[in-house]
>>> print(open('input_9.csv').read())   # CSV, C-alpha atoms and all ligand atoms
chain,number,residue,atom,x,y,z
A,1,VAL,CA,17.1,-99.1,-6.8
A,2,VAL,CA,15.8,-95.6,-6.1
A,3,ALA,CA,16.4,-93.8,-2.8
A,4,THR,CA,14.7,-90.5,-2.1
A,5,ILE,CA,17.0,-88.3,0.1
A,6,GLN,CA,20.8,-88.2,0.5
A,7,PRO,CA,21.1,-89.9,3.9
A,8,VAL,CA,18.8,-92.8,2.7
A,9,HIS,CA,20.7,-93.0,-0.6
A,10,SER,CA,24.1,-93.1,1.3
A,11,LEU,CA,23.0,-95.9,3.5
A,12,ALA,CA,21.6,-97.8,0.5
A,13,ALA,CA,24.9,-97.2,-1.4
A,14,GLN,CA,26.8,-98.8,1.5
A,15,VAL,CA,24.5,-101.9,1.5
A,16,MET,CA,24.9,-102.2,-2.3
A,17,GLN,CA,28.7,-101.8,-2.3
A,18,GLY,CA,30.2,-104.2,-4.9
A,19,VAL,CA,26.8,-104.8,-6.5
A,20,GLY,CA,25.5,-101.5,-7.9
A,21,GLU,CA,24.7,-97.8,-7.2
A,22,PRO,CA,21.2,-96.6,-6.1
A,23,ARG,CA,19.7,-93.6,-7.8
A,24,LEU,CA,19.2,-90.4,-5.8
A,25,LEU,CA,15.7,-89.0,-6.4
A,26,ILE,CA,15.9,-85.6,-4.5
A,27,PRO,CA,19.1,-83.7,-5.0
A,28,ALA,CA,21.0,-82.8,-1.8
A,29,GLY,CA,20.3,-79.1,-2.2
A,30,SER,CA,16.5,-79.6,-2.5
A,31,SER,CA,14.0,-80.0,0.4
A,32,PRO,CA,12.0,-83.3,0.4
A,33,HIS,CA,9.1,-81.3,2.0
A,34,SER,CA,8.6,-79.2,-1.1
A,35,HIS,CA,10.2,-81.2,-3.9
A,36,GLN,CA,8.1,-81.6,-7.0
A,37,LEU,CA,8.3,-84.6,-9.3
A,38,ARG,CA,10.3,-84.0,-12.5
A,39,PRO,CA,9.9,-86.0,-15.7
A,40,SER,CA,13.3,-87.8,-15.0
A,41,ASP,CA,12.0,-88.8,-11.5
A,42,ALA,CA,8.8,-90.3,-13.1
A,43,ARG,CA,11.0,-92.4,-15.5
A,44,ALA,CA,13.2,-93.5,-12.6
A,45,LEU,CA,10.1,-94.6,-10.6
A,46,GLN,CA,8.7,-96.5,-13.7
A,47,ASP,CA,12.0,-98.3,-14.1
A,48,ALA,CA,12.5,-99.1,-10.4
A,49,ASP,CA,12.6,-102.6,-8.8
A,50,VAL,CA,12.7,-101.1,-5.3
A,51,VAL,CA,12.1,-97.6,-3.9
A,52,PHE,CA,13.5,-96.7,-0.4
A,53,TRP,CA,11.6,-93.7,1.0
A,54,VAL,CA,11.1,-92.4,4.5
A,55,GLY,CA,7.3,-92.0,4.3
A,56,GLU,CA,4.4,-89.7,3.4
A,57,GLY,CA,5.2,-87.5,6.4
A,58,LEU,CA,8.4,-86.5,4.6
A,59,GLU,CA,8.2,-87.0,0.8
A,60,ALA,CA,4.5,-86.1,0.6
A,61,PHE,CA,4.8,-85.5,-3.2
A,62,LEU,CA,5.6,-89.3,-3.7
A,63,ASP,CA,2.5,-90.7,-2.3
A,64,GLY,CA,0.5,-90.7,-5.6
A,65,PRO,CA,3.4,-91.3,-8.0
A,66,LEU,CA,4.5,-94.4,-6.0
A,67,GLN,CA,1.1,-95.9,-6.7
A,68,SER,CA,0.7,-94.7,-10.2
A,69,LEU,CA,4.3,-94.9,-11.6
A,70,ALA,CA,6.3,-97.3,-9.5
A,71,VAL,CA,3.9,-100.1,-10.3
A,72,GLN,CA,6.5,-102.9,-10.6
A,73,ALA,CA,8.6,-101.7,-7.7
A,74,ARG,CA,8.7,-102.9,-4.1
A,75,THR,CA,8.3,-99.7,-2.0
A,76,ILE,CA,9.9,-99.7,1.4
A,77,GLU,CA,8.6,-97.0,3.7
A,78,LEU,CA,11.4,-96.8,6.2
A,79,MET,CA,9.3,-95.1,8.9
A,80,ASN,CA,7.5,-98.5,9.2
A,81,ALA,CA,10.7,-100.6,9.2
A,82,PRO,CA,11.1,-102.9,12.2
A,83,GLY,CA,13.2,-101.4,15.0
A,84,VAL,CA,12.7,-97.8,13.9
A,85,THR,CA,11.7,-95.7,16.9
A,86,LEU,CA,9.2,-92.9,16.0
A,87,LEU,CA,8.8,-89.7,18.1
A,88,PRO,CA,5.6,-87.6,18.0
A,89,ALA,CA,5.9,-84.3,16.1
A,90,ARG,CA,6.4,-81.3,18.3
A,91,THR,CA,3.9,-78.5,18.0
A,92,GLY,CA,2.8,-75.4,19.9
A,93,GLY,CA,4.7,-72.8,21.8
A,94,ALA,CA,8.2,-72.4,20.5
A,95,TRP,CA,7.6,-75.1,17.9
A,96,ALA,CA,6.3,-74.0,14.6
A,97,PRO,CA,3.4,-73.6,13.8
A,98,GLY,CA,2.7,-71.0,16.5
A,99,GLY,CA,-1.0,-71.7,17.0
A,100,ASP,CA,-2.1,-70.0,13.8
A,101,GLU,CA,-5.0,-71.7,12.0
A,102,HIS,CA,-3.6,-71.3,8.5
A,103,GLU,CA,-0.3,-72.8,9.6
A,104,HIS,CA,-2.1,-75.8,11.2
A,105,ALA,CA,-4.0,-76.4,8.0
A,106,HIS,CA,-0.7,-76.4,6.2
A,107,VAL,CA,0.8,-78.9,8.5
A,108,GLU,CA,-2.0,-81.4,7.9
A,109,GLN,CA,-1.9,-80.8,4.2
A,110,ALA,CA,1.8,-81.4,4.1
A,111,GLY,CA,1.1,-84.7,5.7
A,112,ARG,CA,3.8,-84.2,8.3
A,113,GLY,CA,1.8,-86.0,10.8
A,114,HIS,CA,1.7,-89.5,9.4
A,115,GLY,CA,0.0,-90.5,12.7
A,116,GLY,CA,1.5,-87.3,14.1
A,117,PHE,CA,5.1,-88.6,13.9
A,118,ASP,CA,8.3,-86.6,13.2
A,119,PRO,CA,9.7,-88.1,9.9
A,120,HIS,CA,13.4,-87.2,10.4
A,121,ILE,CA,14.2,-90.7,11.6
A,122,TRP,CA,17.7,-91.1,10.1
A,123,LEU,CA,19.2,-88.6,12.5
A,124,ASP,CA,19.2,-91.2,15.2
A,125,PRO,CA,22.0,-93.7,14.6
A,126,ALA,CA,19.9,-96.5,16.1
A,127,ASN,CA,17.2,-95.8,13.5
A,128,ALA,CA,19.8,-95.7,10.7
A,129,LYS,CA,20.9,-99.2,11.7
A,130,ALA,CA,17.3,-100.4,11.6
A,131,MET,CA,16.9,-98.8,8.2
A,132,VAL,CA,20.0,-100.5,6.9
A,133,ALA,CA,18.7,-103.9,8.1
A,134,ALA,CA,15.4,-103.3,6.3
A,135,MET,CA,17.2,-102.3,3.1
A,136,ALA,CA,19.6,-105.3,3.2
A,137,GLY,CA,16.6,-107.6,3.9
A,138,ALA,CA,14.6,-106.3,0.9
A,139,LEU,CA,17.6,-106.4,-1.5
A,140,ALA,CA,18.5,-109.9,-0.4
A,141,GLU,CA,15.0,-111.1,-1.2
A,142,LEU,CA,14.8,-109.3,-4.5
A,143,ASP,CA,18.3,-110.2,-5.6
A,144,PRO,CA,19.1,-113.6,-3.9
A,145,ALA,CA,22.3,-114.1,-6.0
A,146,ASN,CA,23.9,-111.2,-4.1
A,147,ALA,CA,22.3,-111.8,-0.7
A,148,ALA,CA,25.5,-112.6,1.0
A,149,THR,CA,27.1,-109.4,-0.1
A,150,TYR,CA,24.1,-107.3,1.1
A,151,ARG,CA,24.3,-109.0,4.5
A,152,SER,CA,28.0,-108.6,4.9
A,153,ASN,CA,27.7,-104.9,3.8
A,154,GLU,CA,24.9,-104.5,6.4
A,155,LYS,CA,27.3,-105.6,9.1
A,156,ALA,CA,30.1,-103.3,7.9
A,157,THR,CA,27.6,-100.4,7.7
A,158,VAL,CA,26.4,-101.0,11.3
A,159,THR,CA,30.0,-101.0,12.6
A,160,ARG,CA,30.6,-97.8,10.8
A,161,ILE,CA,27.5,-96.2,12.3
A,162,ASP,CA,28.7,-97.3,15.8
A,163,LEU,CA,32.1,-95.7,15.2
A,164,MET,CA,30.5,-92.5,13.9
A,165,GLN,CA,28.2,-92.4,16.9
A,166,ALA,CA,31.1,-92.6,19.3
A,167,ASP,CA,32.9,-89.8,17.5
A,168,ILE,CA,29.8,-87.5,17.7
A,169,GLU,CA,29.3,-88.3,21.4
A,170,ALA,CA,32.8,-87.2,22.1
A,171,LEU,CA,32.4,-84.0,20.0
A,172,LEU,CA,29.1,-83.0,21.6
A,173,GLY,CA,29.8,-83.9,25.2
A,174,PRO,CA,31.0,-80.4,26.2
A,175,VAL,CA,27.9,-78.7,24.7
A,176,ARG,CA,25.2,-81.1,26.0
A,177,GLY,CA,22.1,-79.3,27.2
A,178,ARG,CA,22.9,-75.9,25.8
A,179,PRO,CA,19.6,-74.5,24.3
A,180,PHE,CA,19.4,-73.4,20.6
A,181,ILE,CA,16.8,-72.5,18.0
A,182,VAL,CA,16.6,-74.3,14.6
A,183,LEU,CA,15.1,-73.3,11.2
A,184,HIS,CA,12.8,-76.2,11.0
A,185,ASP,CA,12.1,-78.9,13.6
A,186,ALA,CA,14.1,-81.7,12.1
A,187,TYR,CA,16.5,-82.6,14.9
A,188,GLN,CA,14.5,-84.3,17.6
A,189,TYR,CA,16.0,-87.7,16.9
A,190,PHE,CA,19.5,-86.3,16.9
A,191,GLU,CA,18.8,-84.4,20.1
A,192,ARG,CA,17.6,-87.6,21.9
A,193,ALA,CA,20.5,-89.6,20.6
A,194,PHE,CA,23.2,-87.1,21.8
A,195,GLY,CA,21.6,-85.2,24.7
A,196,LEU,CA,21.0,-81.9,23.0
A,197,ALA,CA,18.4,-79.3,23.8
A,198,ALA,CA,16.7,-77.5,20.9
A,199,ALA,CA,14.3,-74.8,22.3
A,200,GLY,CA,12.2,-74.0,19.3
A,201,SER,CA,11.9,-73.8,15.5
A,202,ILE,CA,11.3,-70.9,13.1
A,203,THR,CA,9.1,-72.5,10.4
A,204,ILE,CA,7.4,-75.7,9.6
A,205,THR,CA,9.3,-76.3,6.4
A,206,PRO,CA,12.5,-74.5,5.3
A,207,ASP,CA,10.7,-73.0,2.3
A,208,GLU,CA,7.9,-71.3,4.3
A,209,PRO,CA,8.4,-67.8,5.4
A,210,ALA,CA,7.8,-67.1,9.1
A,211,SER,CA,5.3,-64.4,10.1
A,212,ALA,CA,6.1,-61.3,12.2
A,213,HIS,CA,4.0,-62.8,15.0
A,214,ARG,CA,6.2,-66.0,14.9
A,215,LEU,CA,9.4,-63.9,15.2
A,216,VAL,CA,8.1,-62.2,18.3
A,217,GLU,CA,7.2,-65.6,19.8
A,218,LEU,CA,10.7,-66.9,19.0
A,219,ARG,CA,12.4,-63.9,20.5
A,220,ASP,CA,10.5,-64.6,23.7
A,221,ALA,CA,11.5,-68.2,23.6
A,222,ILE,CA,15.2,-67.4,23.1
A,223,ARG,CA,15.0,-65.1,26.2
A,224,GLU,CA,13.0,-67.5,28.3
A,225,ARG,CA,15.0,-70.6,27.5
A,226,GLY,CA,18.4,-68.9,27.3
A,227,ALA,CA,19.1,-70.1,23.8
A,228,VAL,CA,22.7,-69.4,22.7
A,229,CYS,CA,22.6,-70.1,19.0
A,230,VAL,CA,20.2,-69.9,16.0
A,231,PHE,CA,20.8,-72.5,13.3
A,232,THR,CA,19.8,-71.9,9.7
A,233,GLU,CA,20.0,-74.2,6.7
A,234,ALA,CA,21.8,-73.8,3.4
A,235,GLN,CA,18.8,-73.3,1.1
A,236,SER,CA,16.9,-70.7,3.0
A,237,GLY,CA,16.2,-69.0,6.3
A,238,SER,CA,19.5,-67.3,6.7
A,239,GLU,CA,18.0,-63.8,6.7
A,240,LEU,CA,15.5,-64.7,9.4
A,241,ALA,CA,18.0,-66.4,11.5
A,242,ARG,CA,20.4,-63.4,11.2
A,243,ILE,CA,17.6,-61.1,12.4
A,244,LEU,CA,16.8,-63.3,15.4
A,245,ALA,CA,20.4,-63.8,16.3
A,246,GLU,CA,21.4,-60.2,16.0
A,247,ASP,CA,18.3,-59.1,18.0
A,248,ALA,CA,19.1,-61.5,20.8
A,249,GLY,CA,22.9,-61.1,20.6
A,250,ILE,CA,23.5,-64.8,20.2
A,251,GLY,CA,25.5,-67.0,17.8
A,252,ILE,CA,24.5,-68.2,14.3
A,253,GLY,CA,25.3,-71.5,12.7
A,254,GLN,CA,24.2,-73.8,9.8
A,255,LEU,CA,22.8,-77.3,9.8
A,256,ALA,CA,21.8,-79.7,7.0
A,257,PRO,CA,19.2,-82.3,8.2
A,258,GLU,CA,18.3,-83.7,4.8
A,259,GLY,CA,21.3,-83.4,2.6
A,260,ARG,CA,24.5,-81.4,2.0
A,261,GLU,CA,25.5,-80.6,-1.6
A,262,ALA,CA,29.2,-80.7,-0.8
A,263,LEU,CA,29.0,-84.4,0.1
A,264,THR,CA,29.4,-85.9,-3.4
A,265,GLN,CA,30.6,-89.4,-2.5
A,266,SER,CA,27.5,-91.3,-1.8
A,267,SER,CA,28.9,-94.0,0.5
A,268,ASN,CA,30.4,-91.3,2.8
A,269,ALA,CA,27.5,-88.9,2.7
A,270,TYR,CA,25.6,-90.2,5.8
A,271,ASP,CA,28.7,-90.0,8.0
A,272,GLY,CA,29.5,-86.6,6.5
A,273,LEU,CA,26.0,-85.3,7.1
A,274,MET,CA,25.9,-86.4,10.7
A,275,LYS,CA,29.4,-85.3,11.6
A,276,GLY,CA,29.0,-82.0,9.8
A,277,ASN,CA,25.9,-81.2,11.8
A,278,ALA,CA,27.7,-82.3,15.0
A,279,GLN,CA,30.6,-80.0,14.2
A,280,ALA,CA,28.4,-77.0,13.4
A,281,LEU,CA,26.5,-77.5,16.7
A,282,ARG,CA,29.8,-77.8,18.6
A,283,ASP,CA,31.3,-74.8,16.9
A,284,CYS,CA,28.5,-72.4,17.7
A,285,LEU,CA,27.3,-73.8,21.1
A,286,SER,CA,30.9,-73.9,22.5
A,287,ARG,CA,31.4,-70.2,21.7
A,288,ALA,CA,28.6,-69.4,24.2
A,289,SER,CA,29.6,-69.6,27.9
A,301,ZN,ZN,12.6,-81.7,7.3
>>> encode(input="input_9.csv", output="structure tokens", more="lines below")
Ligand SMILES: [Zn+2]
Amino acid sequence: VVATIQPVHSLAAQVMQGVGEPRLLIPAGSSPHSHQLRPSDARALQDADVVFWVGEGLEAFLDGPLQSLAVQARTIELMNAPGVTLLPARTGGAWAPGGDEHEHAHVEQAGRGHGGFDPHIWLDPANAKAMVAAMAGALAELDPANAATYRSNEKATVTRIDLMQADIEALLGPVRGRPFIVLHDAYQYFERAFGLAAAGSITITPDEPASAHRLVELRDAIRERGAVCVFTEAQSGSELARILAEDAGIGIGQLAPEGREALTQSSNAYDGLMKGNAQALRDCLSRAS
């Protein structure tokens, strides 16, 4: 069983508890938007019985390899799983790209718009539960001897997600509606689920540098919307975020939408990722009055 990114891998690990461990394809410190297939990844795909991935809008590099390498695997595109709610990708104005032709071309090339939908689906706990159901269903079909275990693990995982959601709601209640800027537009599902208000994003992918023009646009967006924090990510963007935050005299924090290296225990990583982001939001947004 191969799972692409840390949160998907963590949910798969919970469903497989007592049966086996899935293999993580994209290390937590690496961006799925820009990951490149390594020889060890190719071998993992060749050996896979099942591959859980979000979809071509996120792991664009996998589109070809899934067809050419994972020939014996059942591939489950979680964006298409029953019960997963998709939100249209945000573009224009304070959302990168800032109307620049080249950047638009890049977006289409990066395949972010699989039908124009934002691929960061796992950040909504309701979607995570639908993903878990799809994984348990696929595993139960492929490995009927362990079907009962997958189904009881599914129930336990859903309960755990509900408890996590309640904890995060309590944590974020006091900072609901406070506007902030993010490095890349990954948090729409999290915002909807918990009543948050991101006001703009710096770049389209964490690895793309932002233009001077883009920075001016964001400075205006921070002023107009009264943003109180800029959130960077571990791998990149900290310099840009620092410049923006210092210029506007607002706070700076760090989020991890797709994986956090410090979360080494796979079954706890989904909870850890979600709660870590909630805590970072609460810490920075509550400092602003
Ligand atoms: Zn992303």
>>> residues_near_ligand(input="input_9.csv", ligand="ligand ZN 301 (chain A)", cutoff="10 Å", atoms="all atoms listed in the file", output="PyMOL selection string")
chain A and resi 31-34+57-59+112+118-120+183-187+204-206+256-258
>>> closest_residue(input="input_9.csv", among="A:Ala128, A:Ala234, A:Ala44, A:Val216", to="A:Ala262", atoms="all atoms listed in the file")
A:Ala234
>>> closest_residue(input="input_9.csv", among="A:Arg242, A:Arg214, A:Arg260, A:Arg225", to="A:Ala28", atoms="all atoms listed in the file")
A:Arg260
>>> residues_near_point(input="input_9.csv", point="(17.1, -74.3, 21.7)", cutoff="6 Å", atoms="all atoms listed in the file", output="PDB file with C-alpha atoms, in the coordinates of the input")
ATOM      1  CA  PRO A 179      19.600 -74.500  24.300  1.00  0.00           C
ATOM      2  CA  PHE A 180      19.400 -73.400  20.600  1.00  0.00           C
ATOM      3  CA  ILE A 181      16.800 -72.500  18.000  1.00  0.00           C
ATOM      4  CA  ALA A 197      18.400 -79.300  23.800  1.00  0.00           C
ATOM      5  CA  ALA A 198      16.700 -77.500  20.900  1.00  0.00           C
ATOM      6  CA  ALA A 199      14.300 -74.800  22.300  1.00  0.00           C
ATOM      7  CA  GLY A 200      12.200 -74.000  19.300  1.00  0.00           C
ATOM      8  CA  ALA A 227      19.100 -70.100  23.800  1.00  0.00           C
TER       9      ALA A 227
END
>>> closest_residue(input="input_9.csv", among="A:Arg176, A:Arg90, A:Lys129, A:Arg219", to="A:Gly116", atoms="only C-alpha atoms")
A:Arg90
>>> closest_residue(input="input_9.csv", among="A:Asp162, A:Ala136, A:Gly226, A:Pro125", to="A:Leu273", atoms="all atoms listed in the file")
A:Pro125
>>> atom_distance(input="input_9.csv", atom1="atom CA of A:Ser266", atom2="atom CA of A:His9")
7.1 Å
>>> residues_around(input="input_9.csv", residues="stretch 45-53 of chain A", least_positions_apart="4", cutoff="6 Å", atoms="all atoms listed in the file", output="PyMOL selection string")
chain A and resi 1-4+69-70+73-77
>>> closest_residue(input="input_9.csv", among="A:Glu224, A:Asp41, A:Asp271, A:Glu239", to="A:Leu11", atoms="only C-alpha atoms")
A:Asp271
>>> closest_residue(input="input_9.csv", among="A:Leu78, A:Leu25, A:Ala170, A:Leu66", to="A:Ala133", atoms="only C-alpha atoms")
A:Leu78
>>> residues_around(input="input_9.csv", residues="A:Ala147", least_positions_apart="5", cutoff="10 Å", atoms="all atoms listed in the file", output="PyMOL selection string")
chain A and resi 136-142+152-153
>>> atom_distance(input="input_9.csv", atom1="atom CA of A:Leu172", atom2="atom CA of A:Thr232")
18.7 Å
>>> atom_distance(input="input_9.csv", atom1="atom CA of A:Glu208", atom2="atom CA of A:Gln188")
19.7 Å
>>> residues_around(input="input_9.csv", residues="A:Leu285", least_positions_apart="4", cutoff="10 Å", atoms="all atoms listed in the file", output="ChimeraX atom specification")
/A:172,174-180,227-230,250-253,279-281,289
